[in-house]
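Participant: Just passing along the structure, written as structure tokens.
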Amino acid sequence: MDAGNIVSVSPHIRDRESAARVMRAVLISLAPAVLASAWIFGARALLVTAVAVGVSIAAEALSQLVFRREITVSDGSAAVTGVLLAFIIPIQTPLWMVGIGAFLAIFLVKQLFGGLGHNIFNPALTARAVLLSSFPVAMTAWSEPVLSFSAVDAVSAASPLGALKEALVAGTAAPAPTGYLPLLLGTVPGSLGETCKVALLLGAAFLLIRRIIDWRIPVTFIGSLALLSFAVGKDPLSEVLSGGLILGAFFMATDYVTAPTTGNGRIIFGLGCGAITFLIRRYGGFPEGVCYAILFMNCLSPLIELYVHPRRFGTRPARAAKGGAR
């Protein structure tokens with residue numbers, strides 16, 4: 001046998017990408033939105049992000065010490081969770097509340113399930129859902145954009161989706177629609193890092209070019225919501241640019257751990273996310289449904305994988321195998 005040959009078990013395909021390289025790419029892709037959030041909502045955006053990232057990293061290291069696991073904070077996954085958590089909360093969220101959310105995201109959702117690669121729900125979104133149910137007032141206290149790094153005062157205001165939902169519940173006339181340009185630039189009330197769609201799309205393009213994420217989930221997520229919105233007479237472009245759809249579709253629904261791995265599975269996952277987001281926005285009690293749509297589809301990911309995953313050569317489909325030999 002040639003000494004230069006390596007004989008090993010499958011899989012035989014190798015890739016130079018590692019978890020650390022992927023997470024660094026994601027952090028780079030999020031950088032434009034971090035800077036945009038600081039300009040739109042003031043320097044406090046950087047403080048909120050720093051607290052979320054710092055507590056996430058500390059919680060990961062502490063959890064791994066408690067569970068006697070290898071310390072892997074250098075892979076950057078905790079930092080990504082911290083940035084994403086900061087992006088989906090209001091700018092005026094108390095810092096202690098930000099810390100609680102970051103700790104829950106890492107300890108409760110990630111490390112208790114076994115660490116990176118074992119969690120069944122998106123950590124940042126789960127932490128937001130817990131914070132929203134525990135502190136609903138603080139988690140829906142949006143602020144007007146200040147368009148200055150040095151601004152410190154915040155003026156409360158309803159987000160575009162929130163204003164529409166309030167008018168619908170009250171039975172009053174709908175407010176004037178927000179223009180496309182403010183929605184693109186992010187000069188509207190909303191969560192810290194979800195408003196500036198230009199910055200988010202720049203980061204998403206970087207991830208797509210690097211092939212860090214697959215196009216199927218974002219395209220089907222956004223496309224299904226747009227089509228359903230058009231079907232009921234809503235402006236599909238406004239629906240796509242409002243709320244956290246772009247952030248959720250490109251940066252959260254595409255999570256390697258909690259989303260399907262097959263092409264068909266990702267299409268089903270994206271379609272489900274879009275449909276549930278539409279239903280919550282139109283008929284639910286919350287103005288936005290991206291968070292809960294992704295979490296609900298996280299639950300279904302194993303089932304989707306079971307029925308669309310290609311079967312190995314020489315084996316029977318799962319349904320036939322359950323029926324026994326005939």
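FYI, nothing fancy with the structure tokens labels: chains A, B, ... in order, residues from 1 per chain, ligands from 1 as they appear.
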Please provide the set of residues having any atom within 9 Å of A:Leu201, restricted to only C-alpha atoms, with same-chain residues fewer than 6 positions apart removed, written as number ranges by chain.
Facilitator: A: 246-247, 250
Participant: Given the selection you just returned, output its residues as a file containing C-alpha atoms, formatted as a PDB file, in the first residue's frame.
Facilitator:
ATOM      1  CA  ILE A 246     -34.922  40.040   6.444  1.00  0.00           C
ATOM      2  CA  LEU A 247     -32.935  39.458   9.643  1.00  0.00           C
ATOM      3  CA  PHE A 250     -31.074  35.248   6.281  1.00  0.00           C
TER       4      PHE A 250
END
Participant: With only C-alpha atoms as the counted atoms, please give the residues lying no more than 8 Å from stretch 97-109 of chain A, apart from itself and same-chain residues fewer than 5 positions off, as a PyMOL selection string.
Facilitator: chain A and resi 48+51-53+55-56+59-60+63+78+81-82+85-86+119-124+126-128+130-131
Participant: May I ask for the distance between atom CA of A:Val26 and atom CA of A:Val73, given in Å to one decimal place?
Facilitator: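 So the two atoms, atom CA of A:Val26 and atom CA of A:Val73, lie 15.2 Å apart.
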Participant: Which neighbours of stretch 260-269 of chain A fall inside 6 Å, counting only C-alpha atoms, when residues of the same chain fewer than 5 positions from it are skipped, and could you give them as a list in words?
Facilitator: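 Result of the neighbour search: Arg216, Ile217, Ser301 and Ile304 of chain A.
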Participant: Go through A:Ala204, A:Leu279, A:Cys196, A:Cys291 and flag the residue nearest A:Pro145, using only C-alpha atoms for the distances.
Facilitator: A:Cys196
Participant: Write out as a PyMOL selection string all residues of stretch 64-220 of chain A that DSSP puts in helix (DSSP H, G or I) for this structure's backbone.
Facilitator: chain A and resi 64-66+73-75+77-87+95-111+123-134+138-140+160-170+180-185+197-209+216-220
